[in-house]
>>> print(open('input33.csv').read())   # CSV, C-alpha atoms
chain,number,residue,atom,x,y,z
A,1,MET,CA,44.1,-0.2,-11.4
A,2,ALA,CA,43.2,2.9,-13.3
A,3,THR,CA,39.5,3.0,-13.7
A,4,PRO,CA,37.8,5.9,-15.3
A,5,ALA,CA,35.8,8.1,-12.8
A,6,LYS,CA,32.7,8.1,-15.0
A,7,LYS,CA,31.4,5.3,-17.2
A,8,THR,CA,28.6,5.5,-19.7
A,9,ALA,CA,27.5,1.9,-19.3
A,10,GLN,CA,24.5,0.0,-18.2
A,11,ARG,CA,24.0,-1.6,-14.7
A,12,GLN,CA,21.1,-3.8,-13.8
A,13,GLY,CA,19.0,-2.5,-16.7
A,14,PHE,CA,19.6,1.1,-15.9
A,15,LYS,CA,21.8,3.3,-18.1
A,16,THR,CA,23.0,6.9,-18.2
A,17,GLY,CA,20.7,9.4,-19.7
A,18,GLU,CA,17.6,7.5,-18.6
A,19,HIS,CA,14.8,8.8,-16.4
A,20,ILE,CA,13.9,6.6,-13.4
A,21,ILE,CA,11.6,6.7,-10.4
A,22,TYR,CA,13.2,6.8,-6.9
A,23,PRO,CA,10.3,6.2,-4.5
A,24,SER,CA,10.8,9.0,-2.0
A,25,HIS,CA,11.9,11.6,-4.6
A,26,GLY,CA,10.1,10.9,-7.8
A,27,VAL,CA,11.5,11.3,-11.3
A,28,GLY,CA,15.3,11.5,-11.6
A,29,LEU,CA,17.8,11.4,-14.4
A,30,ILE,CA,20.8,9.0,-14.3
A,31,THR,CA,23.7,11.3,-15.3
A,32,ALA,CA,26.6,8.9,-14.7
A,33,ILE,CA,27.8,5.6,-13.3
A,34,GLU,CA,30.8,6.2,-11.1
A,35,GLU,CA,33.2,4.0,-9.2
A,36,GLN,CA,34.2,5.3,-5.7
A,37,THR,CA,36.2,3.8,-2.9
A,38,VAL,CA,34.4,4.1,0.4
A,39,ALA,CA,36.0,2.8,3.6
A,40,GLY,CA,38.4,0.7,1.6
A,41,TYR,CA,35.7,-0.9,-0.6
A,42,SER,CA,35.1,-0.1,-4.2
A,43,LEU,CA,31.5,0.8,-5.0
A,44,GLU,CA,29.7,1.4,-8.3
A,45,LEU,CA,27.3,4.2,-7.9
A,46,LEU,CA,24.5,5.5,-10.1
A,47,VAL,CA,24.5,9.3,-10.0
A,48,ILE,CA,20.9,10.5,-10.2
A,49,ASP,CA,20.0,14.1,-10.7
A,50,PHE,CA,16.6,15.5,-9.4
A,51,GLU,CA,16.5,18.8,-11.3
A,52,GLN,CA,13.4,20.3,-9.8
A,53,ASP,CA,14.6,19.5,-6.3
A,54,LYS,CA,18.1,20.7,-7.1
A,55,MET,CA,19.5,17.4,-5.6
A,56,THR,CA,21.9,14.8,-6.7
A,57,LEU,CA,21.8,11.3,-5.2
A,58,ARG,CA,24.4,8.5,-5.5
A,59,VAL,CA,22.9,5.0,-5.2
A,60,PRO,CA,25.1,1.9,-4.9
A,61,VAL,CA,24.3,-0.4,-7.8
A,62,ALA,CA,23.9,-3.3,-5.3
A,63,LYS,CA,21.1,-1.3,-3.5
A,64,ILE,CA,19.0,-0.5,-6.6
A,65,ALA,CA,16.4,-3.2,-5.9
A,66,SER,CA,16.3,-2.7,-2.1
A,67,VAL,CA,15.6,1.1,-2.4
A,68,GLY,CA,12.7,0.4,-4.8
A,69,MET,CA,14.1,2.3,-7.8
A,70,ARG,CA,12.3,1.5,-11.0
A,71,LYS,CA,12.0,2.5,-14.6
A,72,LEU,CA,9.3,5.0,-15.7
A,73,SER,CA,5.8,3.5,-16.1
A,74,ASP,CA,4.7,2.4,-19.5
A,75,ALA,CA,1.9,4.1,-21.5
A,76,SER,CA,-0.7,1.6,-20.3
A,77,THR,CA,0.1,2.3,-16.6
A,78,VAL,CA,-0.2,6.0,-17.3
A,79,LYS,CA,-3.6,5.4,-18.9
A,80,LYS,CA,-4.7,3.3,-15.9
A,81,SER,CA,-3.6,6.1,-13.5
A,82,LEU,CA,-5.7,8.6,-15.4
A,83,GLU,CA,-8.6,6.2,-15.2
A,84,THR,CA,-8.0,5.9,-11.5
A,85,ILE,CA,-8.3,9.6,-10.9
A,86,ALA,CA,-11.5,9.7,-13.0
A,87,GLY,CA,-13.1,7.3,-10.5
A,88,LYS,CA,-15.2,8.2,-7.4
A,89,PRO,CA,-13.1,9.4,-4.4
A,90,ARG,CA,-12.8,6.8,-1.6
A,91,VAL,CA,-12.3,8.4,1.8
A,92,LYS,CA,-12.1,6.2,4.9
A,93,ARG,CA,-13.9,7.2,8.0
A,94,THR,CA,-10.7,7.2,10.1
A,95,MET,CA,-9.0,10.1,11.9
A,96,TRP,CA,-7.2,12.6,9.6
A,97,SER,CA,-3.8,11.8,11.1
A,98,ARG,CA,-4.1,8.2,10.2
A,99,ARG,CA,-5.4,8.9,6.6
A,100,ALA,CA,-2.5,11.5,6.2
A,101,GLN,CA,0.0,8.8,7.0
A,102,GLU,CA,-1.6,6.4,4.6
A,103,TYR,CA,-1.6,9.0,1.8
A,104,GLU,CA,2.0,9.9,2.5
A,105,ALA,CA,3.0,6.2,2.3
A,106,LYS,CA,1.2,5.9,-1.0
A,107,ILE,CA,3.0,9.0,-2.4
A,108,ASN,CA,6.4,7.7,-1.3
A,109,SER,CA,5.8,4.2,-2.5
A,110,GLY,CA,6.9,5.2,-6.0
A,111,ASP,CA,3.8,3.5,-7.5
A,112,LEU,CA,2.0,5.7,-10.0
A,113,ILE,CA,-1.4,4.1,-9.4
A,114,SER,CA,-1.1,4.6,-5.6
A,115,THR,CA,-0.2,8.2,-6.1
A,116,ALA,CA,-3.2,8.6,-8.5
A,117,GLU,CA,-5.4,7.3,-5.7
A,118,VAL,CA,-4.2,10.1,-3.4
A,119,VAL,CA,-4.8,12.7,-6.1
A,120,ARG,CA,-8.3,11.3,-6.7
A,121,ASP,CA,-9.2,11.2,-3.0
A,122,LEU,CA,-7.9,14.7,-2.1
A,123,TYR,CA,-9.0,16.6,-5.1
A,124,ARG,CA,-11.5,19.4,-4.4
A,125,SER,CA,-13.4,21.3,-7.2
A,126,ASP,CA,-14.3,24.9,-6.8
A,127,SER,CA,-17.9,23.9,-5.7
A,128,GLN,CA,-16.6,21.8,-2.8
A,129,PRO,CA,-15.5,22.9,0.7
A,130,GLU,CA,-11.9,24.0,1.0
A,131,GLN,CA,-9.2,21.7,2.1
A,132,SER,CA,-7.2,22.1,5.3
A,133,TYR,CA,-3.5,23.1,4.9
A,134,SER,CA,-2.2,19.6,5.4
A,135,GLU,CA,-4.7,18.1,3.0
A,136,ARG,CA,-3.7,20.7,0.4
A,137,GLN,CA,0.0,19.9,1.0
A,138,LEU,CA,-0.5,16.2,0.4
A,139,TYR,CA,-2.7,16.8,-2.6
A,140,GLU,CA,-0.1,19.0,-4.2
A,141,ALA,CA,2.7,16.6,-3.4
A,142,ALA,CA,0.8,13.7,-5.0
A,143,LEU,CA,-0.2,15.8,-8.0
A,144,ASP,CA,3.4,17.0,-8.5
A,145,ARG,CA,4.8,13.4,-8.3
A,146,MET,CA,2.2,12.1,-10.7
A,147,ALA,CA,2.6,14.9,-13.2
A,148,ARG,CA,6.4,14.6,-13.3
A,149,GLU,CA,6.1,10.9,-14.2
A,150,ILE,CA,3.4,11.4,-16.8
A,151,ALA,CA,5.4,14.3,-18.3
A,152,ALA,CA,8.5,12.2,-18.5
A,153,VAL,CA,6.6,9.2,-20.1
A,154,GLN,CA,4.7,11.4,-22.5
A,155,LYS,CA,7.6,13.7,-23.2
A,156,GLN,CA,5.7,16.9,-22.3
A,157,THR,CA,6.1,19.6,-19.7
A,158,ASP,CA,5.0,19.2,-16.1
A,159,THR,CA,2.5,22.0,-16.7
A,160,GLU,CA,0.9,20.1,-19.6
A,161,ALA,CA,0.7,17.0,-17.5
A,162,ILE,CA,-0.9,18.9,-14.6
A,163,ARG,CA,-3.5,20.4,-17.0
A,164,GLN,CA,-4.2,16.9,-18.3
A,165,ILE,CA,-4.7,15.5,-14.8
A,166,GLU,CA,-6.8,18.4,-13.6
A,167,GLY,CA,-8.9,18.1,-16.8
A,168,VAL,CA,-9.7,14.5,-16.0
A,169,LEU,CA,-10.4,15.3,-12.4
A,170,SER,CA,-12.8,18.2,-13.2
A,171,THR,CA,-14.8,16.2,-15.7
A,172,SER,CA,-15.0,12.9,-13.8
A,173,PRO,CA,-18.5,11.6,-13.2
A,174,GLY,CA,-19.8,11.6,-9.6
A,175,ARG,CA,-17.5,14.4,-8.5
A,176,ALA,CA,-20.2,17.0,-7.7
A,177,ALA,CA,-22.2,14.5,-5.6
A,178,LYS,CA,-19.4,14.0,-3.1
A,179,VAL,CA,-19.3,17.2,-1.2
A,180,ALA,CA,-19.8,17.2,2.5
A,181,PRO,CA,-19.0,13.6,3.6
A,182,ALA,CA,-15.3,13.7,2.7
A,183,THR,CA,-14.6,16.5,5.3
A,184,ASP,CA,-16.8,15.3,8.2
A,185,GLY,CA,-14.0,13.4,10.0
A,186,GLU,CA,-11.3,15.9,9.2
A,187,GLY,CA,-11.4,18.0,12.4
A,188,GLY,CA,-11.4,21.4,10.7
A,189,GLY,CA,-7.7,22.1,10.7
A,190,GLN,CA,-6.9,20.9,14.2
A,191,GLU,CA,-4.2,18.7,12.9
A,192,GLU,CA,-1.9,21.6,12.2
A,193,ALA,CA,-1.2,22.1,15.9
A,194,ALA,CA,1.4,19.4,15.9
>>> encode(input="input33.csv", output="structure tokens")
Amino acid sequence: MATPAKKTAQRQGFKTGEHIIYPSHGVGLITAIEEQTVAGYSLELLVIDFEQDKMTLRVPVAKIASVGMRKLSDASTVKKSLETIAGKPRVKRTMWSRRAQEYEAKINSGDLISTAEVVRDLYRSDSQPEQSYSERQLYEAALDRMAREIAAVQKQTDTEAIRQIEGVLSTSPGRAAKVAPATDGEGGGQEEAA
């Protein structure tokens, strides 16, 4: 039963050398497909490298669908995400803690359009009031996640993708009109006490 430690094959449509989206971590690169014995069972694992996070993840092939791993978005989905961030921000009139949970769930969903909605809703131009620390953290997490995927799809650097996203945000119509209402229900930074 001599099986090679590393295979360069394809499993469930995923192959080595391919970029993928892992919902809670973003863009990763499949570096290998390994077979390991764990607790007496033989498992096939996709080895996924998240270079920016300096992390390697091993996902059992049988769990690919249940963890929500997917291929990179296509060009039309990237275009739709850029159209999404160009739209008018939509901020619910709920407590910040509840909105923050919803934003975090959207970011970790692995869906590019949902992440774009968070970027759109939390973006602040120079003429708008400053964000609280937690708002800024969520915005940067969403921007980073979105930029990494766009960069991988369009084969450009993360910096170029961020410039592209921020360019769309800063020129989107209706941005300047939405100044004070977005921060009224925020609580002025009280959420940081937790």
>>> atom_distance(input="input33.csv", atom1="atom CA of Val118 of chain A", atom2="atom CA of Thr157 of chain A")
21.5 Å
>>> residues_around(input="input33.csv", residues="Ile48 of chain A", least_positions_apart="6", cutoff="7 Å", atoms="all atoms listed in the file", output="list in words")
Gly28, Leu29, Ile30, Thr31, Thr56, Leu57 and Arg58 of chain A
>>> closest_residue(input="input33.csv", among="A:Ser42, A:Asn108, A:Thr94, A:Thr77", to="Pro23 of chain A", atoms="only C-alpha atoms")
A:Asn108
>>> closest_residue(input="input33.csv", among="A:Ser81, A:Ser170, A:Ser132, A:Gln52", to="Gly26 of chain A", atoms="all atoms listed in the file")
A:Gln52
>>> closest_residue(input="input33.csv", among="A:Lys106, A:Val38, A:Asp144, A:Gly13", to="Asp53 of chain A", atoms="only C-alpha atoms")
A:Asp144
>>> atom_distance(input="input33.csv", atom1="atom CA of Val91 of chain A", atom2="atom CA of Gly68 of chain A")
27.1 Å
>>> decode(input="input33.csv", residues="segment 75-89 of chain A", atoms="all heavy atoms", output="mmCIF file, in the first residue's frame")
data_model
loop_
_atom_site.group_PDB
_atom_site.id
_atom_site.type_symbol
_atom_site.label_atom_id
_atom_site.label_comp_id
_atom_site.auth_asym_id
_atom_site.auth_seq_id
_atom_site.Cartn_x
_atom_site.Cartn_y
_atom_site.Cartn_z
ATOM 1 N N ALA A 75 -15.261 36.919 -13.955
ATOM 2 C CA ALA A 75 -15.135 38.355 -14.263
ATOM 3 C C ALA A 75 -16.464 39.096 -14.109
ATOM 4 O O ALA A 75 -16.487 40.249 -13.667
ATOM 5 C CB ALA A 75 -14.580 38.533 -15.668
ATOM 6 N N SER A 76 -17.573 38.448 -14.445
ATOM 7 C CA SER A 76 -18.870 39.126 -14.331
ATOM 8 C C SER A 76 -19.253 39.368 -12.868
ATOM 9 O O SER A 76 -19.859 40.388 -12.535
ATOM 10 C CB SER A 76 -19.965 38.339 -15.051
ATOM 11 O OG SER A 76 -20.196 37.109 -14.415
ATOM 12 N N THR A 77 -18.887 38.444 -11.973
ATOM 13 C CA THR A 77 -19.158 38.630 -10.549
ATOM 14 C C THR A 77 -18.289 39.753 -9.983
ATOM 15 O O THR A 77 -18.748 40.554 -9.167
ATOM 16 C CB THR A 77 -18.914 37.316 -9.775
ATOM 17 O OG1 THR A 77 -19.688 36.276 -10.373
ATOM 18 C CG2 THR A 77 -19.306 37.460 -8.314
ATOM 19 N N VAL A 78 -17.038 39.843 -10.438
ATOM 20 C CA VAL A 78 -16.160 40.935 -10.018
ATOM 21 C C VAL A 78 -16.760 42.264 -10.468
ATOM 22 O O VAL A 78 -16.825 43.227 -9.695
ATOM 23 C CB VAL A 78 -14.733 40.753 -10.588
ATOM 24 C CG1 VAL A 78 -13.899 42.011 -10.393
ATOM 25 C CG2 VAL A 78 -14.051 39.565 -9.913
ATOM 26 N N LYS A 79 -17.245 42.302 -11.708
ATOM 27 C CA LYS A 79 -17.864 43.528 -12.239
ATOM 28 C C LYS A 79 -19.083 43.902 -11.397
ATOM 29 O O LYS A 79 -19.282 45.066 -11.042
ATOM 30 C CB LYS A 79 -18.259 43.306 -13.704
ATOM 31 C CG LYS A 79 -18.812 44.530 -14.401
ATOM 32 C CD LYS A 79 -19.070 44.214 -15.886
ATOM 33 C CE LYS A 79 -19.470 45.443 -16.660
ATOM 34 N NZ LYS A 79 -20.892 45.692 -16.663
ATOM 35 N N LYS A 80 -19.897 42.904 -11.051
ATOM 36 C CA LYS A 80 -21.097 43.159 -10.242
ATOM 37 C C LYS A 80 -20.707 43.657 -8.851
ATOM 38 O O LYS A 80 -21.369 44.526 -8.286
ATOM 39 C CB LYS A 80 -21.937 41.885 -10.140
ATOM 40 C CG LYS A 80 -23.259 42.124 -9.468
ATOM 41 C CD LYS A 80 -24.151 40.907 -9.486
ATOM 42 C CE LYS A 80 -25.456 41.253 -8.785
ATOM 43 N NZ LYS A 80 -26.185 40.112 -8.323
ATOM 44 N N SER A 81 -19.609 43.142 -8.286
ATOM 45 C CA SER A 81 -19.174 43.592 -6.953
ATOM 46 C C SER A 81 -18.729 45.051 -7.004
ATOM 47 O O SER A 81 -18.992 45.820 -6.079
ATOM 48 C CB SER A 81 -18.058 42.703 -6.409
ATOM 49 O OG SER A 81 -16.837 42.935 -7.086
ATOM 50 N N LEU A 82 -18.074 45.443 -8.097
ATOM 51 C CA LEU A 82 -17.655 46.839 -8.251
ATOM 52 C C LEU A 82 -18.875 47.745 -8.462
ATOM 53 O O LEU A 82 -18.897 48.882 -7.981
ATOM 54 C CB LEU A 82 -16.655 46.976 -9.403
ATOM 55 C CG LEU A 82 -15.293 46.314 -9.141
ATOM 56 C CD1 LEU A 82 -14.441 46.292 -10.405
ATOM 57 C CD2 LEU A 82 -14.553 46.981 -7.995
ATOM 58 N N GLU A 83 -19.898 47.240 -9.141
ATOM 59 C CA GLU A 83 -21.142 47.997 -9.280
ATOM 60 C C GLU A 83 -21.838 48.135 -7.931
ATOM 61 O O GLU A 83 -22.432 49.170 -7.625
ATOM 62 C CB GLU A 83 -22.075 47.313 -10.288
ATOM 63 C CG GLU A 83 -21.594 47.390 -11.718
ATOM 64 C CD GLU A 83 -22.358 46.477 -12.682
ATOM 65 O OE1 GLU A 83 -23.290 45.746 -12.239
ATOM 66 O OE2 GLU A 83 -22.009 46.475 -13.878
ATOM 67 N N THR A 84 -21.746 47.103 -7.102
ATOM 68 C CA THR A 84 -22.352 47.124 -5.771
ATOM 69 C C THR A 84 -21.745 48.232 -4.918
ATOM 70 O O THR A 84 -22.459 48.988 -4.263
ATOM 71 C CB THR A 84 -22.184 45.752 -5.066
ATOM 72 O OG1 THR A 84 -22.832 44.757 -5.841
ATOM 73 C CG2 THR A 84 -22.756 45.770 -3.663
ATOM 74 N N ILE A 85 -20.409 48.339 -4.923
ATOM 75 C CA ILE A 85 -19.775 49.365 -4.078
ATOM 76 C C ILE A 85 -20.013 50.778 -4.618
ATOM 77 O O ILE A 85 -19.874 51.746 -3.880
ATOM 78 C CB ILE A 85 -18.260 49.121 -3.866
ATOM 79 C CG1 ILE A 85 -17.492 49.171 -5.181
ATOM 80 C CG2 ILE A 85 -18.032 47.830 -3.106
ATOM 81 C CD1 ILE A 85 -15.991 49.130 -5.020
ATOM 82 N N ALA A 86 -20.381 50.887 -5.888
ATOM 83 C CA ALA A 86 -20.677 52.200 -6.459
ATOM 84 C C ALA A 86 -22.062 52.687 -6.042
ATOM 85 O O ALA A 86 -22.375 53.861 -6.175
ATOM 86 C CB ALA A 86 -20.571 52.154 -7.978
ATOM 87 N N GLY A 87 -22.866 51.783 -5.504
ATOM 88 C CA GLY A 87 -24.231 52.135 -5.108
ATOM 89 C C GLY A 87 -24.279 52.964 -3.838
ATOM 90 O O GLY A 87 -23.264 53.224 -3.185
ATOM 91 N N LYS A 88 -25.481 53.364 -3.478
ATOM 92 C CA LYS A 88 -25.695 54.176 -2.279
ATOM 93 C C LYS A 88 -25.591 53.279 -1.038
ATOM 94 O O LYS A 88 -26.167 52.201 -1.002
ATOM 95 C CB LYS A 88 -27.083 54.814 -2.360
ATOM 96 C CG LYS A 88 -27.336 55.832 -1.291
ATOM 97 C CD LYS A 88 -28.658 56.545 -1.532
ATOM 98 C CE LYS A 88 -28.862 57.572 -0.443
ATOM 99 N NZ LYS A 88 -30.131 58.269 -0.578
ATOM 100 N N PRO A 89 -24.861 53.743 -0.018
ATOM 101 C CA PRO A 89 -24.721 52.934 1.203
ATOM 102 C C PRO A 89 -26.080 52.683 1.858
ATOM 103 O O PRO A 89 -26.938 53.558 1.865
ATOM 104 C CB PRO A 89 -23.847 53.785 2.115
ATOM 105 C CG PRO A 89 -23.259 54.836 1.257
ATOM 106 C CD PRO A 89 -24.134 54.992 0.065
#
